[in-house]
$ cat my_file37.pdb   # PDB, C-alpha atoms
MODEL        1
ATOM      1  CA  MET A   1     187.662   5.492 103.860  1.00  0.00           C
ATOM      2  CA  SER A   2     187.568   7.052 100.425  1.00  0.00           C
ATOM      3  CA  MET A   3     185.004   9.510  99.141  1.00  0.00           C
ATOM      4  CA  ASP A   4     183.638   6.862  96.760  1.00  0.00           C
ATOM      5  CA  SER A   5     182.927   4.433  99.591  1.00  0.00           C
ATOM      6  CA  LEU A   6     181.331   7.217 101.636  1.00  0.00           C
ATOM      7  CA  LEU A   7     179.040   8.126  98.740  1.00  0.00           C
ATOM      8  CA  ALA A   8     178.224   4.456  98.194  1.00  0.00           C
ATOM      9  CA  PHE A   9     177.293   4.118 101.885  1.00  0.00           C
ATOM     10  CA  ALA A  10     175.047   7.194 101.684  1.00  0.00           C
ATOM     11  CA  ARG A  11     173.358   5.863  98.547  1.00  0.00           C
ATOM     12  CA  ASP A  12     172.857   2.389 100.021  1.00  0.00           C
ATOM     13  CA  ASN A  13     171.566   3.781 103.324  1.00  0.00           C
ATOM     14  CA  ALA A  14     169.465   6.710 102.138  1.00  0.00           C
ATOM     15  CA  ILE A  15     167.155   6.788 105.160  1.00  0.00           C
ATOM     16  CA  LEU A  16     170.049   6.781 107.634  1.00  0.00           C
ATOM     17  CA  SER A  17     171.875   9.411 105.611  1.00  0.00           C
ATOM     18  CA  LEU A  18     168.817  11.675 105.430  1.00  0.00           C
ATOM     19  CA  GLY A  19     168.232  11.214 109.154  1.00  0.00           C
ATOM     20  CA  LEU A  20     171.810  12.210 109.923  1.00  0.00           C
ATOM     21  CA  LEU A  21     171.534  15.218 107.632  1.00  0.00           C
ATOM     22  CA  GLY A  22     168.252  16.264 109.274  1.00  0.00           C
ATOM     23  CA  LEU A  23     169.684  15.985 112.780  1.00  0.00           C
ATOM     24  CA  THR A  24     172.793  17.895 111.782  1.00  0.00           C
ATOM     25  CA  LEU A  25     170.740  20.721 110.261  1.00  0.00           C
ATOM     26  CA  ALA A  26     168.471  20.861 113.323  1.00  0.00           C
ATOM     27  CA  LEU A  27     171.491  21.087 115.616  1.00  0.00           C
ATOM     28  CA  VAL A  28     173.090  23.843 113.543  1.00  0.00           C
ATOM     29  CA  TYR A  29     169.804  25.784 113.407  1.00  0.00           C
ATOM     30  CA  THR A  30     169.320  25.485 117.181  1.00  0.00           C
ATOM     31  CA  GLU A  31     172.826  26.733 117.930  1.00  0.00           C
ATOM     32  CA  ILE A  32     172.535  29.660 115.509  1.00  0.00           C
ATOM     33  CA  ALA A  33     169.141  30.615 116.969  1.00  0.00           C
ATOM     34  CA  ARG A  34     170.643  30.459 120.487  1.00  0.00           C
ATOM     35  CA  LEU A  35     173.519  32.744 119.489  1.00  0.00           C
ATOM     36  CA  PHE A  36     171.188  35.393 118.076  1.00  0.00           C
ATOM     37  CA  SER A  37     168.449  35.106 120.720  1.00  0.00           C
ATOM     38  CA  GLY A  38     169.570  38.162 122.692  1.00  0.00           C
ATOM     39  CA  PHE A  39     169.633  36.344 126.014  1.00  0.00           C
ATOM     40  CA  LYS A  40     171.992  33.918 127.689  1.00  0.00           C
ATOM     41  CA  ALA A  41     171.343  30.692 129.561  1.00  0.00           C
ATOM     42  CA  VAL A  42     173.174  30.578 132.897  1.00  0.00           C
ATOM     43  CA  SER A  43     174.044  27.724 135.228  1.00  0.00           C
ATOM     44  CA  PRO A  44     172.856  27.653 138.848  1.00  0.00           C
ATOM     45  CA  ALA A  45     176.304  28.902 139.964  1.00  0.00           C
ATOM     46  CA  GLU A  46     176.180  31.787 137.481  1.00  0.00           C
ATOM     47  CA  LEU A  47     172.655  32.637 138.643  1.00  0.00           C
ATOM     48  CA  THR A  48     173.852  32.815 142.244  1.00  0.00           C
ATOM     49  CA  ALA A  49     176.579  35.253 141.187  1.00  0.00           C
ATOM     50  CA  LEU A  50     174.090  37.404 139.244  1.00  0.00           C
ATOM     51  CA  ILE A  51     171.777  37.617 142.236  1.00  0.00           C
ATOM     52  CA  ASN A  52     174.570  38.367 144.714  1.00  0.00           C
ATOM     53  CA  ARG A  53     176.704  40.734 142.633  1.00  0.00           C
ATOM     54  CA  GLU A  54     174.266  42.467 140.302  1.00  0.00           C
ATOM     55  CA  GLU A  55     170.958  42.306 142.178  1.00  0.00           C
ATOM     56  CA  ALA A  56     169.309  40.357 139.388  1.00  0.00           C
ATOM     57  CA  LEU A  57     165.545  39.978 139.467  1.00  0.00           C
ATOM     58  CA  LEU A  58     164.487  36.332 139.301  1.00  0.00           C
ATOM     59  CA  VAL A  59     161.100  35.785 137.656  1.00  0.00           C
ATOM     60  CA  ASP A  60     159.615  32.294 137.980  1.00  0.00           C
ATOM     61  CA  ILE A  61     156.921  31.572 135.383  1.00  0.00           C
ATOM     62  CA  SER A  62     156.148  28.091 136.704  1.00  0.00           C
ATOM     63  CA  PRO A  63     152.467  27.272 137.316  1.00  0.00           C
ATOM     64  CA  ILE A  64     151.433  28.567 140.751  1.00  0.00           C
ATOM     65  CA  GLY A  65     151.106  25.053 142.181  1.00  0.00           C
ATOM     66  CA  ASP A  66     154.678  24.207 141.203  1.00  0.00           C
ATOM     67  CA  PHE A  67     155.914  27.564 142.508  1.00  0.00           C
ATOM     68  CA  GLU A  68     154.334  26.962 145.916  1.00  0.00           C
ATOM     69  CA  LYS A  69     155.815  23.448 146.111  1.00  0.00           C
ATOM     70  CA  GLY A  70     159.305  24.873 145.725  1.00  0.00           C
ATOM     71  CA  HIS A  71     161.049  27.873 144.195  1.00  0.00           C
ATOM     72  CA  ILE A  72     164.362  29.683 144.422  1.00  0.00           C
ATOM     73  CA  ALA A  73     164.508  32.143 147.335  1.00  0.00           C
ATOM     74  CA  GLY A  74     163.680  35.674 146.211  1.00  0.00           C
ATOM     75  CA  ALA A  75     161.946  34.579 142.998  1.00  0.00           C
ATOM     76  CA  LYS A  76     158.865  36.501 141.963  1.00  0.00           C
ATOM     77  CA  SER A  77     156.001  34.375 140.683  1.00  0.00           C
ATOM     78  CA  VAL A  78     154.501  35.613 137.426  1.00  0.00           C
ATOM     79  CA  GLN A  79     152.083  33.393 135.555  1.00  0.00           C
ATOM     80  CA  LEU A  80     152.950  33.041 131.883  1.00  0.00           C
ATOM     81  CA  SER A  81     149.447  34.179 130.907  1.00  0.00           C
ATOM     82  CA  GLN A  82     150.095  37.426 132.839  1.00  0.00           C
ATOM     83  CA  PHE A  83     153.726  37.871 131.818  1.00  0.00           C
ATOM     84  CA  ASP A  84     154.090  41.419 130.506  1.00  0.00           C
ATOM     85  CA  PRO A  85     157.462  43.129 129.967  1.00  0.00           C
ATOM     86  CA  GLU A  86     155.737  46.464 130.642  1.00  0.00           C
ATOM     87  CA  SER A  87     154.354  45.424 134.051  1.00  0.00           C
ATOM     88  CA  LYS A  88     155.290  47.448 137.158  1.00  0.00           C
ATOM     89  CA  LEU A  89     157.525  44.636 138.410  1.00  0.00           C
ATOM     90  CA  LEU A  90     159.609  44.535 135.233  1.00  0.00           C
ATOM     91  CA  ALA A  91     159.451  48.116 133.987  1.00  0.00           C
ATOM     92  CA  LYS A  92     161.352  49.432 137.009  1.00  0.00           C
ATOM     93  CA  VAL A  93     164.225  46.953 136.573  1.00  0.00           C
ATOM     94  CA  ARG A  94     164.805  47.427 132.854  1.00  0.00           C
ATOM     95  CA  ASP A  95     168.500  48.197 133.438  1.00  0.00           C
ATOM     96  CA  LEU A  96     169.146  45.355 135.876  1.00  0.00           C
ATOM     97  CA  PRO A  97     169.711  41.721 134.961  1.00  0.00           C
ATOM     98  CA  VAL A  98     166.448  39.779 134.717  1.00  0.00           C
ATOM     99  CA  VAL A  99     166.559  35.997 134.953  1.00  0.00           C
ATOM    100  CA  VAL A 100     163.539  33.991 133.850  1.00  0.00           C
ATOM    101  CA  THR A 101     163.087  30.479 135.144  1.00  0.00           C
ATOM    102  CA  CYS A 102     160.462  27.772 135.058  1.00  0.00           C
ATOM    103  CA  ARG A 103     160.205  24.120 135.971  1.00  0.00           C
ATOM    104  CA  SER A 104     162.544  22.758 133.265  1.00  0.00           C
ATOM    105  CA  GLY A 105     163.885  25.847 131.506  1.00  0.00           C
ATOM    106  CA  MET A 106     161.958  25.293 128.274  1.00  0.00           C
ATOM    107  CA  THR A 107     159.149  27.831 128.749  1.00  0.00           C
ATOM    108  CA  ALA A 108     161.475  30.501 130.109  1.00  0.00           C
ATOM    109  CA  ALA A 109     163.098  31.006 126.695  1.00  0.00           C
ATOM    110  CA  GLY A 110     159.864  32.365 125.207  1.00  0.00           C
ATOM    111  CA  ALA A 111     159.446  34.834 128.061  1.00  0.00           C
ATOM    112  CA  ALA A 112     163.104  35.869 127.742  1.00  0.00           C
ATOM    113  CA  ARG A 113     162.594  36.557 124.020  1.00  0.00           C
ATOM    114  CA  ARG A 114     159.663  38.834 124.905  1.00  0.00           C
ATOM    115  CA  LEU A 115     161.876  40.792 127.313  1.00  0.00           C
ATOM    116  CA  VAL A 116     164.605  41.211 124.681  1.00  0.00           C
ATOM    117  CA  LYS A 117     162.013  42.365 122.154  1.00  0.00           C
ATOM    118  CA  ALA A 118     160.746  44.916 124.709  1.00  0.00           C
ATOM    119  CA  GLY A 119     164.238  46.407 125.010  1.00  0.00           C
ATOM    120  CA  PHE A 120     165.691  44.688 128.068  1.00  0.00           C
ATOM    121  CA  LYS A 121     169.466  44.396 127.676  1.00  0.00           C
ATOM    122  CA  LYS A 122     170.482  41.929 130.410  1.00  0.00           C
ATOM    123  CA  VAL A 123     168.187  38.944 130.009  1.00  0.00           C
ATOM    124  CA  TYR A 124     169.010  35.424 131.157  1.00  0.00           C
ATOM    125  CA  THR A 125     167.344  32.067 131.613  1.00  0.00           C
ATOM    126  CA  LEU A 126     168.288  29.397 134.129  1.00  0.00           C
ATOM    127  CA  GLU A 127     169.608  26.522 132.052  1.00  0.00           C
ATOM    128  CA  GLY A 128     167.631  23.444 133.053  1.00  0.00           C
ATOM    129  CA  GLY A 129     165.214  25.532 135.105  1.00  0.00           C
ATOM    130  CA  ASN A 130     164.361  24.891 138.724  1.00  0.00           C
ATOM    131  CA  ALA A 131     165.129  21.205 138.193  1.00  0.00           C
ATOM    132  CA  ALA A 132     168.793  22.096 137.514  1.00  0.00           C
ATOM    133  CA  TRP A 133     168.827  24.248 140.655  1.00  0.00           C
ATOM    134  CA  GLN A 134     167.603  21.277 142.704  1.00  0.00           C
ATOM    135  CA  GLN A 135     170.067  18.893 141.024  1.00  0.00           C
ATOM    136  CA  ALA A 136     172.856  21.246 142.096  1.00  0.00           C
ATOM    137  CA  SER A 137     171.643  20.685 145.691  1.00  0.00           C
ATOM    138  CA  LEU A 138     170.779  24.353 146.103  1.00  0.00           C
ATOM    139  CA  PRO A 139     167.990  25.348 148.484  1.00  0.00           C
ATOM    140  CA  MET A 140     164.383  25.776 147.463  1.00  0.00           C
ATOM    141  CA  VAL A 141     161.727  27.493 149.548  1.00  0.00           C
ATOM    142  CA  LYS A 142     158.066  26.524 149.726  1.00  0.00           C
ATOM    143  CA  GLY A 143     154.974  28.664 149.864  1.00  0.00           C
ATOM    144  CA  LYS A 144     153.882  31.849 148.183  1.00  0.00           C
ATOM    145  CA  ALA A 145     156.233  34.584 147.068  1.00  0.00           C
TER     146      ALA A 145
ENDMDL
END

$ encode --input "my_file37.pdb" --output "structure tokens"
Amino acid sequence: MSMDSLLAFARDNAILSLGLLGLTLALVYTEIARLFSGFKAVSPAELTALINREEALLVDISPIGDFEKGHIAGAKSVQLSQFDPESKLLAKVRDLPVVVTCRSGMTAAGAARRLVKAGFKKVYTLEGGNAAWQQASLPMVKGKA
């Protein structure tokens, strides 16, 4: 396919071409933002290693009802409205890895950004959230923390 035919296709299919351009730019922006976010998304297996090897603190910001229905063993429930990087729970673990999780992993990124901004160095999110943990057939516990 020559450059002339490619340009002709783009001209004849302007809406498709603009859509492709928009999606490409959104993807590039998302990846660049992820690289410079200051925190890393980890898989359920990587989370298990962080907890076992580095005594990572797992903070679950899921709504309390969801937390009580099922959460990862050892997770501390902190409601997003009360999430404060300077709280007693977090201030004493500033040098340890802190992993933020939620139901799907989407809300955890905002909380992780707040930790990075507050000076935490080892901040992680669980990629896919608690749903990914369950999909990996890993155990969940019910009840309050």

$ resolve_selection --input "my_file37.pdb" --expression "the PyMOL selection byres ((chain A and resi 106-114) around 10)" --output "PyMOL selection string"
chain A and resi 34+37-41+59-62+80+83-85+98-105+115-120+122-129

$ residues_around --input "my_file37.pdb" --residues "A:Gly143" --least-positions-apart "5" --cutoff "9 Å" --atoms "only C-alpha atoms" --output "list in words"
Phe67, Glu68, Lys69, Gly70 and His71 of chain A

$ atom_distance --input "my_file37.pdb" --atom1 "atom CA of A:Gly74" --atom2 "atom CA of A:Glu55"
10.6 Å

$ closest_residue --input "my_file37.pdb" --among "A:Ile51, A:Leu90, A:Ala8, A:Ala73" --to "A:Val141" --atoms "all atoms listed in the file"
A:Ala73

$ closest_residue --input "my_file37.pdb" --among "A:Phe9, A:Ile72, A:Leu21, A:Glu31" --to "A:Leu47" --atoms "all atoms listed in the file"
A:Ile72

$ closest_residue --input "my_file37.pdb" --among "A:Leu50, A:Ala45, A:Leu96, A:Val78" --to "A:Leu138" --atoms "only C-alpha atoms"
A:Ala45

$ closest_residue --input "my_file37.pdb" --among "A:Ser2, A:Leu18, A:Pro44, A:Leu25" --to "A:Gln134" --atoms "only C-alpha atoms"
A:Pro44

$ atom_distance --input "my_file37.pdb" --atom1 "atom CA of A:Gly65" --atom2 "atom CA of A:Lys88"
23.3 Å

$ atom_distance --input "my_file37.pdb" --atom1 "atom CA of A:Gln135" --atom2 "atom CA of A:Ser43"
11.3 Å

$ closest_residue --input "my_file37.pdb" --among "A:Leu20, A:Leu7, A:Ile15, A:Leu58" --to "A:Asn130" --atoms "all atoms listed in the file"
A:Leu58

$ axis_aligned_box --input "my_file37.pdb" --around "stretch 51-58 of chain A" --padding-each-side "6 Å" --output "lines of an AutoDock Vina configuration file"
center_x = 170.6
center_y = 39.4
center_z = 142.0
size_x = 24.2
size_y = 18.1
size_z = 17.4

$ decode --input "my_file37.pdb" --residues "stretch 32-79 of chain A" --atoms "C-alpha atoms" --output "PDB file, in the first residue's frame"
ATOM      1  CA  ILE A  32       2.782   7.902  29.639  1.00  0.00           C
ATOM      2  CA  ALA A  33       0.667   8.873  32.663  1.00  0.00           C
ATOM      3  CA  ARG A  34       1.084   5.332  34.057  1.00  0.00           C
ATOM      4  CA  LEU A  35       4.867   5.496  33.661  1.00  0.00           C
ATOM      5  CA  PHE A  36       5.124   8.781  35.556  1.00  0.00           C
ATOM      6  CA  SER A  37       2.479   8.033  38.206  1.00  0.00           C
ATOM      7  CA  GLY A  38       4.981   7.096  40.917  1.00  0.00           C
ATOM      8  CA  PHE A  39       3.282   3.813  41.742  1.00  0.00           C
ATOM      9  CA  LYS A  40       3.148   0.396  40.142  1.00  0.00           C
ATOM     10  CA  ALA A  41       0.243  -1.937  39.473  1.00  0.00           C
ATOM     11  CA  VAL A  42       0.961  -5.490  40.637  1.00  0.00           C
ATOM     12  CA  SER A  43      -0.659  -8.813  39.819  1.00  0.00           C
ATOM     13  CA  PRO A  44      -2.182 -11.025  42.523  1.00  0.00           C
ATOM     14  CA  ALA A  45       0.990 -13.177  42.496  1.00  0.00           C
ATOM     15  CA  GLU A  46       3.204 -10.106  42.910  1.00  0.00           C
ATOM     16  CA  LEU A  47       0.973  -8.877  45.740  1.00  0.00           C
ATOM     17  CA  THR A  48       1.372 -12.200  47.538  1.00  0.00           C
ATOM     18  CA  ALA A  49       5.155 -11.857  47.273  1.00  0.00           C
ATOM     19  CA  LEU A  50       5.057  -8.271  48.586  1.00  0.00           C
ATOM     20  CA  ILE A  51       2.996  -9.315  51.588  1.00  0.00           C
ATOM     21  CA  ASN A  52       5.132 -12.372  52.363  1.00  0.00           C
ATOM     22  CA  ARG A  53       8.603 -10.962  51.685  1.00  0.00           C
ATOM     23  CA  GLU A  54       8.332  -7.261  52.464  1.00  0.00           C
ATOM     24  CA  GLU A  55       5.479  -7.076  54.978  1.00  0.00           C
ATOM     25  CA  ALA A  56       3.451  -4.818  52.722  1.00  0.00           C
ATOM     26  CA  LEU A  57       0.418  -3.097  54.190  1.00  0.00           C
ATOM     27  CA  LEU A  58      -2.725  -3.808  52.176  1.00  0.00           C
ATOM     28  CA  VAL A  59      -5.304  -1.013  52.310  1.00  0.00           C
ATOM     29  CA  ASP A  60      -8.741  -1.824  50.887  1.00  0.00           C
ATOM     30  CA  ILE A  61     -10.765   1.284  50.013  1.00  0.00           C
ATOM     31  CA  SER A  62     -13.839  -0.657  48.895  1.00  0.00           C
ATOM     32  CA  PRO A  63     -17.187   0.445  50.367  1.00  0.00           C
ATOM     33  CA  ILE A  64     -17.670  -1.186  53.780  1.00  0.00           C
ATOM     34  CA  GLY A  65     -20.454  -3.452  52.509  1.00  0.00           C
ATOM     35  CA  ASP A  66     -18.217  -4.845  49.774  1.00  0.00           C
ATOM     36  CA  PHE A  67     -15.322  -5.213  52.219  1.00  0.00           C
ATOM     37  CA  GLU A  68     -17.447  -7.262  54.620  1.00  0.00           C
ATOM     38  CA  LYS A  69     -18.694  -9.500  51.789  1.00  0.00           C
ATOM     39  CA  GLY A  70     -15.126 -10.448  50.936  1.00  0.00           C
ATOM     40  CA  HIS A  71     -11.619  -9.025  51.183  1.00  0.00           C
ATOM     41  CA  ILE A  72      -8.031 -10.211  51.036  1.00  0.00           C
ATOM     42  CA  ALA A  73      -6.794 -11.600  54.366  1.00  0.00           C
ATOM     43  CA  GLY A  74      -4.900  -8.974  56.349  1.00  0.00           C
ATOM     44  CA  ALA A  75      -6.361  -6.022  54.428  1.00  0.00           C
ATOM     45  CA  LYS A  76      -7.195  -2.921  56.413  1.00  0.00           C
ATOM     46  CA  SER A  77     -10.486  -1.273  55.507  1.00  0.00           C
ATOM     47  CA  VAL A  78     -10.236   2.476  54.979  1.00  0.00           C
ATOM     48  CA  GLN A  79     -13.161   4.316  53.452  1.00  0.00           C
TER      49      GLN A  79
END
